[in-house]
Structures are given as C-alpha cells and as structure tokens.
file protein_11.cif (mmCIF, C-alpha atoms)
data_start
loop_
_atom_site.label_atom_id
_atom_site.label_comp_id
_atom_site.auth_asym_id
_atom_site.auth_seq_id
_atom_site.Cartn_x
_atom_site.Cartn_y
_atom_site.Cartn_z
CA MET A 3 30.98 83.97 65.09
CA ASN A 4 33.15 84.45 62.07
CA PRO A 5 31.74 82.96 58.87
CA GLU A 6 35.15 83.12 57.19
CA THR A 7 36.38 80.23 59.31
CA GLU A 8 33.56 77.83 58.39
CA PRO A 9 34.58 74.71 56.46
CA GLY A 10 31.76 75.20 53.96
CA LEU A 11 33.00 78.59 52.73
CA LEU A 12 31.97 79.10 49.10
CA PHE A 13 33.25 82.55 48.28
CA LYS A 14 34.11 85.84 49.88
CA ASP A 15 34.43 89.42 48.73
CA GLU A 16 34.53 92.83 50.40
CA ASN A 17 30.78 92.97 51.04
CA GLN A 18 29.58 89.41 51.51
CA ILE A 19 30.53 85.87 52.44
CA ALA A 20 28.67 82.81 51.10
CA VAL A 21 28.80 79.68 53.27
CA LEU A 22 27.31 76.19 53.27
CA PRO A 23 26.13 75.84 56.88
CA LEU A 24 27.03 72.81 58.99
CA LYS A 25 23.37 72.31 59.88
CA PRO A 26 21.39 73.03 56.72
CA ALA A 27 17.66 72.76 56.24
CA THR A 28 18.34 70.67 53.14
CA PRO A 29 21.48 69.82 51.14
CA GLY A 30 22.33 72.89 49.09
CA HIS A 31 21.18 75.42 51.66
CA ILE A 32 23.43 78.48 51.32
CA GLN A 33 23.76 81.23 53.89
CA LEU A 34 24.92 84.62 52.62
CA PHE A 35 26.48 86.76 55.35
CA SER A 36 27.52 90.38 55.26
CA ALA A 37 31.30 90.79 55.42
CA GLN A 38 31.02 93.49 58.06
CA PRO A 39 29.53 92.49 61.42
CA PHE A 40 26.03 93.95 61.12
CA THR A 41 23.50 92.21 63.35
CA ILE A 42 20.08 93.17 62.03
CA LEU A 43 18.64 94.26 58.71
CA GLU A 44 18.15 97.86 59.79
CA GLN A 45 21.89 98.34 60.38
CA VAL A 46 22.92 97.22 56.90
CA PRO A 47 23.48 100.11 54.47
CA ASN A 48 21.42 100.15 51.28
CA ALA A 49 24.37 99.58 48.96
CA VAL A 50 25.30 96.35 50.77
CA ILE A 51 21.69 95.12 50.67
CA GLU A 52 21.60 95.74 46.93
CA THR A 53 24.77 93.73 46.27
CA MET A 54 23.61 90.91 48.56
CA ALA A 55 20.21 90.75 46.85
CA ILE A 56 21.81 90.46 43.41
CA THR A 57 24.18 87.77 44.68
CA ALA A 58 21.28 85.91 46.28
CA ASN A 59 19.54 85.90 42.93
CA LYS A 60 22.67 84.55 41.20
CA LEU A 61 23.13 81.84 43.83
CA SER A 62 19.52 80.75 43.49
CA THR A 63 19.97 80.40 39.72
CA VAL A 64 23.13 78.34 40.31
CA LEU A 65 21.17 76.05 42.63
CA PHE A 66 18.36 75.79 40.12
CA ASP A 67 20.69 74.91 37.24
CA HIS A 68 23.15 72.60 38.97
CA LEU A 69 21.51 71.06 42.04
CA ASN A 70 18.32 69.77 40.43
CA CYS A 71 15.78 71.72 42.42
CA GLN A 72 12.40 72.91 41.25
CA GLY A 73 12.26 76.13 43.24
CA THR A 74 14.10 78.26 45.80
CA ASN A 75 13.24 80.21 48.92
CA ILE A 76 15.05 83.35 50.04
CA ILE A 77 14.44 84.13 53.71
CA ILE A 78 15.79 86.81 56.03
CA GLU A 79 15.39 86.15 59.75
CA ASN A 80 15.51 89.55 61.39
CA GLY A 81 15.49 89.33 65.18
CA ILE A 82 15.19 86.51 67.68
CA PRO A 83 11.40 85.95 67.40
CA ALA A 84 11.98 85.57 63.65
CA GLY A 85 14.37 82.70 64.30
CA GLN A 86 17.71 84.48 63.92
CA THR A 87 20.39 82.18 65.33
CA SER A 88 23.64 83.81 64.25
CA SER A 89 24.87 87.14 65.57
CA ARG A 90 25.57 88.38 62.05
CA PHE A 91 23.02 89.45 59.43
CA SER A 92 22.44 86.72 56.85
CA MET A 93 20.14 85.70 54.00
CA HIS A 94 19.11 82.06 53.57
CA ILE A 95 18.89 80.60 50.07
CA ILE A 96 17.15 77.23 50.25
CA PRO A 97 16.60 74.90 47.27
CA ARG A 98 13.24 73.15 47.17
CA ARG A 99 12.43 69.72 45.77
CA GLU A 100 9.45 67.39 45.99
CA ASN A 101 9.12 65.59 49.32
CA ASP A 102 12.04 67.40 50.93
CA GLY A 103 10.24 67.60 54.25
CA LEU A 104 10.22 71.40 54.34
CA ASN A 105 7.08 73.41 54.79
CA PHE A 106 7.15 77.18 54.92
CA GLN A 107 3.38 77.61 54.54
CA TRP A 108 1.54 79.51 57.24
CA ASN A 109 -2.10 79.51 58.28
CA PRO A 110 -3.50 82.93 57.42
CA LEU A 111 -5.35 84.87 60.11
CA LYS A 112 -8.99 85.69 59.51
CA LEU A 113 -9.39 89.37 60.18
CA SER A 114 -12.47 91.48 59.76
CA GLU A 115 -12.63 94.53 57.54
CA ASP A 116 -12.42 96.83 60.59
CA ASP A 117 -9.32 95.09 61.92
CA LEU A 118 -7.66 95.42 58.55
CA ASN A 119 -8.54 99.10 58.42
CA THR A 120 -7.02 99.82 61.84
CA ILE A 121 -3.88 97.88 60.90
CA PHE A 122 -3.66 99.83 57.65
CA LEU A 123 -3.97 103.19 59.35
CA ARG A 124 -1.40 102.25 61.96
CA LEU A 125 1.12 101.20 59.32
CA GLU A 126 0.42 104.04 56.93
CA GLU A 127 1.83 106.58 59.41
CA PHE A 128 5.23 104.99 59.14
CA THR A 129 5.27 103.86 55.53
CA ASN A 130 4.40 107.38 54.39
CA GLN A 131 7.73 108.47 55.81
CA ILE A 132 9.74 106.08 53.66
CA ILE A 133 12.04 107.92 51.28
CA ILE A 134 14.66 105.91 49.43
CA GLN A 135 17.63 108.25 49.34
CA LYS A 136 20.30 107.42 46.84
CA GLU A 137 23.54 107.58 48.77
CA LYS A 138 25.67 110.47 47.62
CA SER A 139 28.76 109.47 45.73
CA LYS A 140 32.07 109.90 47.51
CA ILE A 141 33.23 112.62 45.08
CA ILE A 142 30.28 114.84 45.99
CA GLN A 143 30.91 114.24 49.70
CA GLN A 144 34.53 115.31 49.29
CA GLU A 145 33.52 118.45 47.43
CA GLU A 146 31.10 119.36 50.19
CA LYS A 147 33.83 118.96 52.77
CA LYS A 148 36.09 121.23 50.74
CA THR A 149 33.54 123.99 50.56
CA VAL A 150 33.07 123.85 54.32
CA LEU A 151 36.81 124.16 54.87
CA GLU A 152 37.07 127.08 52.46
CA TYR A 153 34.22 128.82 54.24
CA ASN A 154 35.93 128.36 57.57
CA GLN A 155 39.14 129.74 56.17
CA GLU A 156 37.35 132.77 54.83
CA ASN A 157 35.77 133.30 58.21
CA TYR A 158 39.18 133.19 59.86
CA LEU A 159 40.51 135.83 57.49
CA LEU A 160 37.52 138.06 58.08
CA LYS A 161 37.99 137.72 61.82
CA GLN A 162 41.61 138.76 61.42
CA LEU A 163 40.53 141.78 59.44
CA ARG A 164 38.08 142.79 62.12
CA ARG A 165 40.72 142.53 64.82
CA MET A 166 43.08 144.85 63.03
CA PRO A 167 42.96 148.32 64.51
CA MET B 18 -13.29 85.23 27.04
CA GLN B 19 -11.05 82.35 28.06
CA PRO B 20 -9.41 80.49 25.19
CA THR B 21 -9.95 76.73 24.84
CA GLU B 22 -7.27 74.14 25.51
CA GLU B 23 -6.54 73.68 21.84
CA GLU B 24 -5.94 77.39 21.40
CA LEU B 25 -3.68 77.40 24.46
CA LYS B 26 -1.44 74.71 22.96
CA LYS B 27 -1.08 76.64 19.74
CA MET B 28 -0.08 79.85 21.45
CA SER B 29 3.56 81.00 21.63
CA PRO B 30 5.19 81.67 25.02
CA GLU B 31 4.85 85.41 24.49
CA GLN B 32 1.15 85.06 23.88
CA LEU B 33 0.83 82.88 26.96
CA LEU B 34 2.60 85.55 29.02
CA GLU B 35 0.21 88.17 27.71
CA LEU B 36 -2.69 85.95 28.68
CA GLN B 37 -1.24 85.51 32.15
CA LYS B 38 -0.89 89.26 32.56
CA GLN B 39 -4.46 89.82 31.56
CA ASN B 40 -5.66 87.34 34.17
CA CYS B 41 -3.23 88.37 36.91
CA ILE B 42 -5.01 89.60 40.02
CA PHE B 43 -2.01 91.54 41.22
CA CYS B 44 -1.50 93.37 37.95
CA LYS B 45 -5.11 94.49 38.32
CA ILE B 46 -4.50 95.57 41.91
CA ILE B 47 -1.50 97.60 40.78
CA ALA B 48 -3.53 99.16 37.98
CA GLY B 49 -6.29 100.01 40.44
CA GLU B 50 -8.96 97.81 38.85
CA ILE B 51 -9.28 95.84 42.11
CA PRO B 52 -9.40 97.85 45.36
CA SER B 53 -6.49 97.46 47.77
CA LYS B 54 -4.77 99.17 50.66
CA LYS B 55 -1.58 100.64 49.19
CA LEU B 56 1.15 101.51 51.65
CA TYR B 57 4.07 102.54 49.41
CA GLN B 58 4.64 103.27 45.77
CA ASP B 59 7.55 104.28 43.53
CA GLU B 60 8.62 103.87 39.91
CA HIS B 61 9.56 100.18 40.33
CA CYS B 62 7.30 98.63 42.95
CA VAL B 63 4.12 98.83 45.00
CA ALA B 64 3.47 97.68 48.59
CA VAL B 65 0.02 96.42 49.55
CA LEU B 66 -1.51 95.13 52.81
CA ASP B 67 -2.24 91.38 52.66
CA ILE B 68 -5.86 90.52 53.47
CA ASN B 69 -4.88 86.95 54.42
CA PRO B 70 -1.95 87.75 56.65
CA ALA B 71 0.41 85.53 58.58
CA SER B 72 0.47 88.16 61.32
CA GLU B 73 -0.86 91.68 61.85
CA GLY B 74 0.61 94.05 59.34
CA HIS B 75 1.63 91.59 56.62
CA VAL B 76 2.82 93.53 53.57
CA LEU B 77 3.18 92.28 50.00
CA LEU B 78 5.79 94.07 47.89
CA LEU B 79 5.12 93.69 44.15
CA PRO B 80 7.03 94.86 41.07
CA LYS B 81 4.98 97.09 38.83
CA ASP B 82 5.83 95.04 35.74
CA HIS B 83 4.62 91.45 35.57
CA TYR B 84 7.39 88.99 36.47
CA GLN B 85 6.89 85.47 37.76
CA ILE B 86 10.16 84.67 39.51
CA LEU B 87 13.24 86.48 40.72
CA PRO B 88 15.67 85.39 37.93
CA GLN B 89 13.44 87.07 35.33
CA MET B 90 13.73 90.49 36.94
CA PRO B 91 16.31 93.15 36.03
CA GLU B 92 18.99 93.76 38.67
CA GLU B 93 17.88 97.36 39.23
CA VAL B 94 14.40 96.27 40.25
CA ILE B 95 15.69 93.46 42.49
CA ALA B 96 18.03 95.87 44.29
CA ARG B 97 15.34 98.48 44.78
CA MET B 98 12.79 95.96 46.05
CA PHE B 99 15.06 94.57 48.75
CA VAL B 100 15.90 98.08 49.97
CA VAL B 101 12.18 98.91 50.13
CA ALA B 102 11.61 95.63 51.99
CA LYS B 103 14.16 96.76 54.57
CA GLU B 104 12.30 100.07 55.02
CA LEU B 105 8.94 98.28 55.29
CA SER B 106 10.34 95.94 57.93
CA HIS B 107 11.52 98.99 59.89
CA ALA B 108 8.06 100.58 59.60
CA ILE B 109 6.35 97.38 60.80
CA LEU B 110 8.71 97.13 63.79
CA LYS B 111 7.88 100.68 64.81
CA ALA B 112 4.12 100.55 64.16
CA PHE B 113 3.45 97.35 66.11
CA ASN B 114 6.32 97.53 68.61
CA ALA B 115 7.54 94.19 67.31
CA LYS B 116 10.89 92.55 68.00
CA GLY B 117 11.31 90.58 64.80
CA THR B 118 10.35 90.46 61.15
CA ASN B 119 10.74 88.00 58.30
CA ILE B 120 11.39 88.76 54.66
CA PHE B 121 10.22 85.81 52.57
CA VAL B 122 10.54 85.10 48.86
CA ALA B 123 9.12 82.04 47.10
CA ASN B 124 10.40 81.18 43.64
CA GLY B 125 8.25 78.47 42.12
CA ALA B 126 5.07 76.69 43.19
CA ILE B 127 7.04 74.02 45.05
CA ALA B 128 8.58 76.77 47.21
CA GLY B 129 5.15 78.06 48.23
CA GLN B 130 4.49 80.62 45.51
CA ARG B 131 0.73 81.03 45.43
CA ALA B 132 0.35 83.58 42.64
CA PRO B 133 2.02 83.96 39.24
CA HIS B 134 3.15 87.49 40.09
CA PHE B 135 6.46 87.80 41.95
CA MET B 136 6.22 89.23 45.47
CA ILE B 137 8.25 89.76 48.63
CA HIS B 138 6.47 89.08 51.92
CA VAL B 139 7.33 91.23 54.92
CA PHE B 140 5.64 90.35 58.20
CA GLN B 141 6.25 90.71 61.92
CA ARG B 142 7.03 87.86 64.30
CA LYS B 143 6.36 87.22 67.96
CA GLN B 144 8.22 84.76 70.15
CA ASP B 145 7.01 81.16 69.61
CA ASP B 146 4.25 81.98 67.16
CA GLY B 147 5.32 79.10 64.90
CA ILE B 148 4.76 80.92 61.62
CA LEU B 149 8.07 80.09 59.95
CA THR B 150 11.02 78.03 61.14
CA ILE B 151 14.07 77.01 59.16
CA PRO B 152 15.10 73.57 60.47
CA ALA B 153 18.73 72.73 61.17
CA LYS B 154 19.64 69.15 60.30
CA PRO B 155 23.26 68.04 60.80
CA ILE B 156 25.16 66.90 57.74
CA SER B 157 28.32 64.82 57.48
CA GLU B 158 31.50 66.68 56.61
CA LYS B 159 32.04 64.42 53.62
CA ASP B 160 28.67 65.40 52.12
CA LEU B 161 29.43 69.02 52.84
CA MET B 162 32.68 68.80 50.92
CA THR B 163 31.02 67.06 47.94
CA LEU B 164 28.44 69.83 47.76
CA LYS B 165 31.09 72.47 48.08
CA ASN B 166 33.26 71.00 45.35
CA HIS B 167 30.18 70.62 43.15
CA LEU B 168 29.21 74.28 43.50
CA LEU B 169 32.61 75.98 43.68
CA PRO B 170 33.31 76.16 39.92
CA PHE B 171 30.02 77.95 39.29
CA VAL B 172 30.55 80.36 42.16
CA GLY B 173 34.04 81.36 41.05
CA GLY B 174 36.34 79.24 43.17
CA GLU B 175 38.85 76.44 42.69
CA LYS B 176 38.05 72.91 43.75
CA GLN B 177 39.62 71.59 46.91
CA GLN B 178 41.61 68.39 46.72
CA VAL B 179 39.58 66.34 49.14
CA LEU B 180 38.16 62.83 48.83
CA ASP B 181 34.57 63.15 48.03
CA GLU B 182 33.22 60.02 46.32
CA LYS B 183 33.15 56.37 47.17
CA LYS B 184 35.35 55.56 44.18
CA ASP B 185 38.04 57.88 45.36
CA ALA B 186 37.78 56.41 48.83
CA GLN B 187 38.16 52.87 47.59
CA GLN B 188 41.08 53.81 45.43
CA PHE B 189 42.65 55.50 48.38
CA ILE B 190 42.24 52.36 50.48
CA GLU B 191 43.80 50.20 47.76
CA ASP B 192 46.63 52.62 47.27
CA LYS B 193 47.14 52.63 50.97
CA LYS B 194 47.37 48.84 51.04
CA GLU B 195 50.04 48.91 48.37
CA LEU B 196 51.81 51.64 50.23
CA ASP B 197 51.70 49.60 53.44
CA ALA B 198 53.15 46.59 51.68
CA GLU B 199 55.94 48.69 50.23
CA ILE B 200 56.65 50.22 53.59
CA GLN B 201 56.89 46.79 55.19
CA GLU B 202 59.27 45.59 52.53
CA GLU B 203 61.46 48.56 53.07
CA LYS B 204 61.44 47.94 56.79
CA GLU B 205 62.53 44.37 56.34
CA GLU B 206 65.27 45.38 53.97
CA LYS B 207 66.48 47.89 56.47
CA LYS B 208 66.50 45.27 59.18
CA GLU B 209 68.63 43.00 57.09
CA GLU B 210 70.94 45.83 56.26
CA THR B 211 71.36 46.72 59.86
CA LYS B 212 72.07 43.09 60.69
CA GLN B 213 74.71 42.96 58.02
CA VAL B 214 76.22 46.18 59.16
CA VAL B 215 76.33 44.95 62.73
CA GLN B 216 78.02 41.77 61.65
CA LEU B 217 80.56 43.65 59.63
CA LYS B 218 81.36 45.82 62.60
CA LYS B 219 81.79 42.81 64.79
CA GLU B 220 84.08 41.23 62.31
CA LYS B 221 86.11 44.36 62.04
CA LYS B 222 86.45 44.53 65.79
CA SER B 223 87.59 40.99 66.05
CA GLU B 224 90.07 41.52 63.28
CA LYS B 225 91.49 44.52 65.01
CA LYS B 226 91.86 42.58 68.19
CA LYS B 227 93.66 39.86 66.43
CA LYS B 228 95.99 42.29 64.80
CA ARG B 229 96.78 43.88 68.09
CA LYS B 230 97.45 40.56 69.67
CA GLN B 231 99.73 39.55 66.90
CA LYS B 232 101.58 42.79 67.09
CA ILE B 233 102.20 42.35 70.74
CA GLU B 234 103.32 38.81 70.26
CA ASP B 235 105.61 39.87 67.49
CA ASP B 236 107.07 42.51 69.68
CA PHE B 237 107.63 39.99 72.43
CA ASP B 238 109.21 37.66 69.97
CA LYS B 239 111.51 40.37 68.79
CA PHE B 240 112.39 41.23 72.32
CA ASP B 241 113.08 37.62 73.10
CA LYS B 242 115.27 37.31 70.09
CA LYS B 243 117.20 40.36 71.06
CA GLU B 244 117.72 39.02 74.54
CA LYS B 245 118.89 35.79 73.16
CA GLU B 246 121.26 37.52 70.85
CA MET B 247 122.57 39.56 73.70
CA ASP B 248 122.96 36.43 75.78
CA ASP B 249 124.78 34.75 72.94
CA GLU B 250 127.05 37.74 72.61
CA GLU B 251 127.79 37.68 76.30
CA GLU B 252 128.62 34.03 76.12
CA GLU B 253 130.93 34.63 73.27
CA ILE B 254 132.58 37.46 75.13
CA GLU B 255 133.00 35.25 78.17
CA LYS B 256 134.52 32.56 76.06
CA GLU B 257 136.92 34.97 74.54
CA GLU B 258 137.86 36.25 77.95
CA LYS B 259 138.41 32.76 79.13
CA THR B 260 140.62 31.95 76.24
CA ILE B 261 142.48 35.19 76.75
CA ALA B 262 142.85 34.37 80.44
CA LEU B 263 144.15 30.91 79.63
CA ASP B 264 146.55 32.37 77.13
CA LEU B 265 147.84 34.84 79.73
CA ASP B 266 148.35 32.01 82.22
CA LYS B 267 150.35 30.13 79.64
CA ILE B 268 152.53 33.11 79.02
CA GLY B 269 153.01 33.53 82.76
CA ASP B 270 154.11 29.97 83.18
CA LEU B 271 156.76 30.51 80.52
CA PHE B 272 158.28 33.42 82.44
CA ALA B 273 158.32 31.62 85.80
#
call {"tool": "encode", "arguments": {"input": "protein_11.cif", "output": "structure tokens"}}
result
Amino acid sequence: MNPETEPGLLFKDENQIAVLPLKPATPGHIQLFSAQPFTILEQVPNAVIETMAITANKLSTVLFDHLNCQGTNIIIENGIPAGQTSSRFSMHIIPRRENDGLNFQWNPLKLSEDDLNTIFLRLEEFTNQIIIQKEKSKIIQQEEKKTVLEYNQENYLLKQLRRMP
Amino acid sequence: MQPTEEELKKMSPEQLLELQKQNCIFCKIIAGEIPSKKLYQDEHCVAVLDINPASEGHVLLLPKDHYQILPQMPEEVIARMFVVAKELSHAILKAFNAKGTNIFVANGAIAGQRAPHFMIHVFQRKQDDGILTIPAKPISEKDLMTLKNHLLPFVGGEKQQVLDEKKDAQQFIEDKKELDAEIQEEKEEKKEETKQVVQLKKEKKSEKKKKRKQKIEDDFDKFDKKEKEMDDEEEEIEKEEKTIALDLDKIGDLFA
C-alpha cells in the first residue's frame, strides 16, 4: 500500500508521510508512515526513527492546540500480534477526549518475585548488548573509502616492484 | 512533611514542580532510593522492568530528568529515547521468542498516564491476547476533508478547495439553482434563434425559387417575342415579295 495516494494526506517529506486514515480510531487520528517501505521497527535506521519521533511530538502538540483534546497517545504496532495492519512501518498519534469510547488500559499480570527475577535475567542478557552507535557521517565514510583505495594502489605498485627482475 | 492546601495554592509553578519531583516515585527509582531491576542506562534515560506488567518482559523507559509529558522534553532526549525503545523491543523479541511488540506513550491522565513522570512502555504481544487494540471506525469523506483542511495550515500545507461545511453546501445548492435557471433560459433563447434561422433559410429558399421561375418565364417571354418579331418580319417580307411579284406581272402585261 502506498500512503502517498491516500486522500487524507497531510504532508510528505523525504523521510516520512503523515496521513489521516480512512478508518480512524477517533477523528484526528494521524498515522505517520516512513517514506521508504520498511515493514517493522527493527528495519528502520536510527536517523529515520529520530526524525519521526520529533515529528510525532510536533503533531501531538498540533492536535492538542487545535483539535481540543486533553491528551494524546503515541502507539507503534510492531508485528501482526501487536495489531499491525499495514505493510509499512507507521506510528499512530491519537487524540484523547472525555467519553471518546477508547480504552487503552490493560489488566496487569500478577507475577511473583521469582517470576520477575527469571524474566529479568532472561532479558538482561540481551539488553546488556545494546550499544547506541552514532551513525558515522558521510564525510568520514568517504575518507575511509579513499584510504582503502590508496592502500590497494600501493599494494599494486609493490607487487609490480616485486615482479621486476 | 507535606504542605497544606493553603500553602499549595500560594506556591508558584516552579515550586510545585519541585514538590512533584521530591514526591516522584520514578525519580527515586532512578536515583536508587527505591530498589528496581535496571536493564539499560545511558546519559539520557534509564530502562526498568515493570512489576505490574501487561505481558512478560514489560519494560519502562524513563528520562533521567523529571518531565511529565512529551512536549516538555528536549528533542535530543526524545530522539534518543525512541531509538533505545527500538533496541529494547529487539531485545524482548529475542529473549522471549516473541512475534510482536508494542511501543506505547501516554500523554496526559485522560490518555492513560498513571504517573507524573514521562515513560515509554515496551512490551511483547501474543496473538489474540487482547492487551491493546486500536479500533478502526469508518469516517465520511466529507468529515475527513474538513479535518484535513483544519489541520493543513498548522502542518505546513495549503488548504484544498473542497466543500467542507453545511453553509458552503447550501450556498452551492443555491448557486446551482441559479445556474440551472440561467442555463434553461439560454437553451430557450437558442431554440428561438434556431427557429428564426430555420425560417429565414426557408424564406431564402422560396425567394430563390421564385427568382428562378421568373427568370425562366422572362426568358420564355423574350423567346416568344423574338419569334413573333421574326414571324412579323417574314410576313413583311412575304408581303413585299407579293407586291414585287404583282408589280412584275404588271410590267409583263405591258410588254405583251
């Protein structure tokens, strides 16, 4: 599905597309898609997530100021069990008012201390590996490529030298 | 010691914020005054396991500084927190072999915010567990366009020229009625014009016919006249011949 062709298109730039969906949860529900066809959250590069998060914040303030809501929800549905319906990664920005018929509250599970400990240990293995790498700027990447080329050229010259009788 | 209601009313917003920070459970968790199971930490945010989870492995991601809602936070912190949320979701998927996760933010009590400290929820989902569903209710295209035109100027776009309110619709209907009346008048005028034109053509045709007829008759008349003239001439010539013949006879008689 291509969000650019939707009738409720709000704005579009190189990284993101904001759309008013045809079947919203409530009037004012905005869906912010990535411009490139990523499917799930894990595929989206960090720079795009950062721009989309800042835009989501701006859109929620617009809703708060101009659509008379008392609060907003920002929800990402990542995967089919999470309720993802579109084949492209999107963030939902939903305005909330009194008696709007929406309820995103959940019933918390009652887990014992031991259960929580096992869950914690299981997760810790993977969260300890999280390192947020700042993506290298393009200039540095180009310089690295240059050095590799120069090295290869030097190698070629050395090889020539060695072949000479 | 908690201040009384009178003291609360007298306090400035900054003092109230300070008071909130002092009483905030999550600020205490971040500071280490209350025990918690910390999963991730960096210069902007801290991730903690939720002891009242929606599902196994529910993580709360908190900013280190005390903020209540998303609009109050600096862009740098917002950006970093969503990237960390992505990494936490990836860790949860791997640790529990899950197929789906939700990232949930509540701004404001009416949206489900249960604590005065901003947080991002990251939790796993299983098929048909019913934890969170975003309903999809159809909306008329007219309402969609009104919303769109209402929001476009604040989002950096130009308004579309589409009918969106009842007033405009009524005006359009009235304008249309006038237009229809005008169109009918024009049609009638055209009909009359065509009738006139047809009549004129007919008249022209009949005139032409008449002219032709007259011409032919005139020609016949001329021809008749010429014939008559020629006949008259012949008669005259005959008469002359006769007189000449008679004269010759007379002359012959004289010589006999």
call {"tool": "atom_distance", "arguments": {"input": "protein_11.cif", "atom1": "atom CA of Phe91 of chain A", "atom2": "atom CA of Pro39 of chain A"}}
result
7.5 Å
call {"tool": "resolve_selection", "arguments": {"input": "protein_11.cif", "expression": "the PyMOL selection byres ((chain A and resi 111-120) around 9)", "output": "PyMOL selection string"}}
result
(chain A and resi 109-110+121-125) or (chain B and resi 54+66-74)
call {"tool": "interface_residues", "arguments": {"input": "protein_11.cif", "of": "chain B", "to": "chain A", "cutoff": "6 Å", "atoms": "all atoms listed in the file", "output": "PDB file with C-alpha atoms, keeping the file's coordinate frame"}}
result
ATOM      1  CA  LEU B  56       1.150 101.510  51.650  1.00  0.00           C
ATOM      2  CA  ASN B  69      -4.880  86.950  54.420  1.00  0.00           C
ATOM      3  CA  PRO B  70      -1.950  87.750  56.650  1.00  0.00           C
ATOM      4  CA  ALA B  71       0.410  85.530  58.580  1.00  0.00           C
ATOM      5  CA  ALA B  96      18.030  95.870  44.290  1.00  0.00           C
ATOM      6  CA  ALA B 108       8.060 100.580  59.600  1.00  0.00           C
ATOM      7  CA  ALA B 112       4.120 100.550  64.160  1.00  0.00           C
ATOM      8  CA  GLY B 117      11.310  90.580  64.800  1.00  0.00           C
ATOM      9  CA  THR B 118      10.350  90.460  61.150  1.00  0.00           C
ATOM     10  CA  ASN B 119      10.740  88.000  58.300  1.00  0.00           C
ATOM     11  CA  ILE B 120      11.390  88.760  54.660  1.00  0.00           C
ATOM     12  CA  PHE B 121      10.220  85.810  52.570  1.00  0.00           C
ATOM     13  CA  VAL B 122      10.540  85.100  48.860  1.00  0.00           C
ATOM     14  CA  ALA B 123       9.120  82.040  47.100  1.00  0.00           C
ATOM     15  CA  ASN B 124      10.400  81.180  43.640  1.00  0.00           C
ATOM     16  CA  GLY B 125       8.250  78.470  42.120  1.00  0.00           C
ATOM     17  CA  ILE B 127       7.040  74.020  45.050  1.00  0.00           C
ATOM     18  CA  ALA B 128       8.580  76.770  47.210  1.00  0.00           C
ATOM     19  CA  ARG B 142       7.030  87.860  64.300  1.00  0.00           C
ATOM     20  CA  LYS B 143       6.360  87.220  67.960  1.00  0.00           C
ATOM     21  CA  GLN B 144       8.220  84.760  70.150  1.00  0.00           C
ATOM     22  CA  ILE B 148       4.760  80.920  61.620  1.00  0.00           C
ATOM     23  CA  LEU B 149       8.070  80.090  59.950  1.00  0.00           C
ATOM     24  CA  PRO B 152      15.100  73.570  60.470  1.00  0.00           C
ATOM     25  CA  ALA B 153      18.730  72.730  61.170  1.00  0.00           C
ATOM     26  CA  LYS B 154      19.640  69.150  60.300  1.00  0.00           C
ATOM     27  CA  PRO B 155      23.260  68.040  60.800  1.00  0.00           C
TER      28      PRO B 155
END
call {"tool": "atom_distance", "arguments": {"input": "protein_11.cif", "atom1": "atom CA of Asn17 of chain A", "atom2": "atom CA of Tyr57 of chain B"}}
result
28.4 Å
call {"tool": "resolve_selection", "arguments": {"input": "protein_11.cif", "expression": "the PyMOL selection byres ((chain B and resi 64) around 9)", "output": "PyMOL selection string"}}
result
chain B and resi 54-58+62-63+65-66+76-80+101+105
call {"tool": "atom_distance", "arguments": {"input": "protein_11.cif", "atom1": "atom CA of Met98 of chain B", "atom2": "atom CA of Arg90 of chain A"}}
result
21.8 Å
call {"tool": "decode", "arguments": {"input": "protein_11.cif", "residues": "segment 78-121 of chain B", "atoms": "C-alpha atoms", "output": "PDB file, in the first residue's frame"}}
result
ATOM      1  CA  LEU B  78      11.865   3.601  29.649  1.00  0.00           C
ATOM      2  CA  LEU B  79      12.244   6.789  31.717  1.00  0.00           C
ATOM      3  CA  PRO B  80      14.152  10.031  31.121  1.00  0.00           C
ATOM      4  CA  LYS B  81      16.666  10.763  33.828  1.00  0.00           C
ATOM      5  CA  ASP B  82      15.368  14.314  34.285  1.00  0.00           C
ATOM      6  CA  HIS B  83      11.826  14.786  35.549  1.00  0.00           C
ATOM      7  CA  TYR B  84       9.419  15.577  32.709  1.00  0.00           C
ATOM      8  CA  GLN B  85       5.673  14.999  32.748  1.00  0.00           C
ATOM      9  CA  ILE B  86       4.731  14.844  29.081  1.00  0.00           C
ATOM     10  CA  LEU B  87       6.443  14.544  25.731  1.00  0.00           C
ATOM     11  CA  PRO B  88       6.125  18.216  24.599  1.00  0.00           C
ATOM     12  CA  GLN B  89       8.164  19.329  27.618  1.00  0.00           C
ATOM     13  CA  MET B  90      11.179  17.253  26.646  1.00  0.00           C
ATOM     14  CA  PRO B  91      14.128  18.474  24.555  1.00  0.00           C
ATOM     15  CA  GLU B  92      14.345  16.990  21.056  1.00  0.00           C
ATOM     16  CA  GLU B  93      17.664  15.286  21.773  1.00  0.00           C
ATOM     17  CA  VAL B  94      16.167  13.273  24.616  1.00  0.00           C
ATOM     18  CA  ILE B  95      13.037  12.363  22.625  1.00  0.00           C
ATOM     19  CA  ALA B  96      15.156  11.125  19.716  1.00  0.00           C
ATOM     20  CA  ARG B  97      17.433   9.081  21.944  1.00  0.00           C
ATOM     21  CA  MET B  98      14.548   7.517  23.858  1.00  0.00           C
ATOM     22  CA  PHE B  99      12.767   6.261  20.755  1.00  0.00           C
ATOM     23  CA  VAL B 100      15.982   4.724  19.427  1.00  0.00           C
ATOM     24  CA  VAL B 101      16.523   2.980  22.773  1.00  0.00           C
ATOM     25  CA  ALA B 102      12.903   1.807  22.652  1.00  0.00           C
ATOM     26  CA  LYS B 103      13.617   0.223  19.281  1.00  0.00           C
ATOM     27  CA  GLU B 104      16.639  -1.620  20.743  1.00  0.00           C
ATOM     28  CA  LEU B 105      14.616  -2.754  23.779  1.00  0.00           C
ATOM     29  CA  SER B 106      11.873  -4.078  21.521  1.00  0.00           C
ATOM     30  CA  HIS B 107      14.507  -6.052  19.600  1.00  0.00           C
ATOM     31  CA  ALA B 108      15.903  -7.472  22.870  1.00  0.00           C
ATOM     32  CA  ILE B 109      12.418  -8.501  24.051  1.00  0.00           C
ATOM     33  CA  LEU B 110      11.693 -10.226  20.721  1.00  0.00           C
ATOM     34  CA  LYS B 111      14.897 -12.232  21.012  1.00  0.00           C
ATOM     35  CA  ALA B 112      14.663 -13.056  24.736  1.00  0.00           C
ATOM     36  CA  PHE B 113      11.086 -14.366  24.673  1.00  0.00           C
ATOM     37  CA  ASN B 114      10.923 -15.552  21.055  1.00  0.00           C
ATOM     38  CA  ALA B 115       8.014 -13.192  20.510  1.00  0.00           C
ATOM     39  CA  LYS B 116       6.481 -12.173  17.194  1.00  0.00           C
ATOM     40  CA  GLY B 117       5.259  -8.700  18.089  1.00  0.00           C
ATOM     41  CA  THR B 118       5.851  -5.768  20.394  1.00  0.00           C
ATOM     42  CA  ASN B 119       4.076  -2.525  21.188  1.00  0.00           C
ATOM     43  CA  ILE B 120       5.620   0.821  21.983  1.00  0.00           C
ATOM     44  CA  PHE B 121       3.105   2.893  23.943  1.00  0.00           C
TER      45      PHE B 121
END
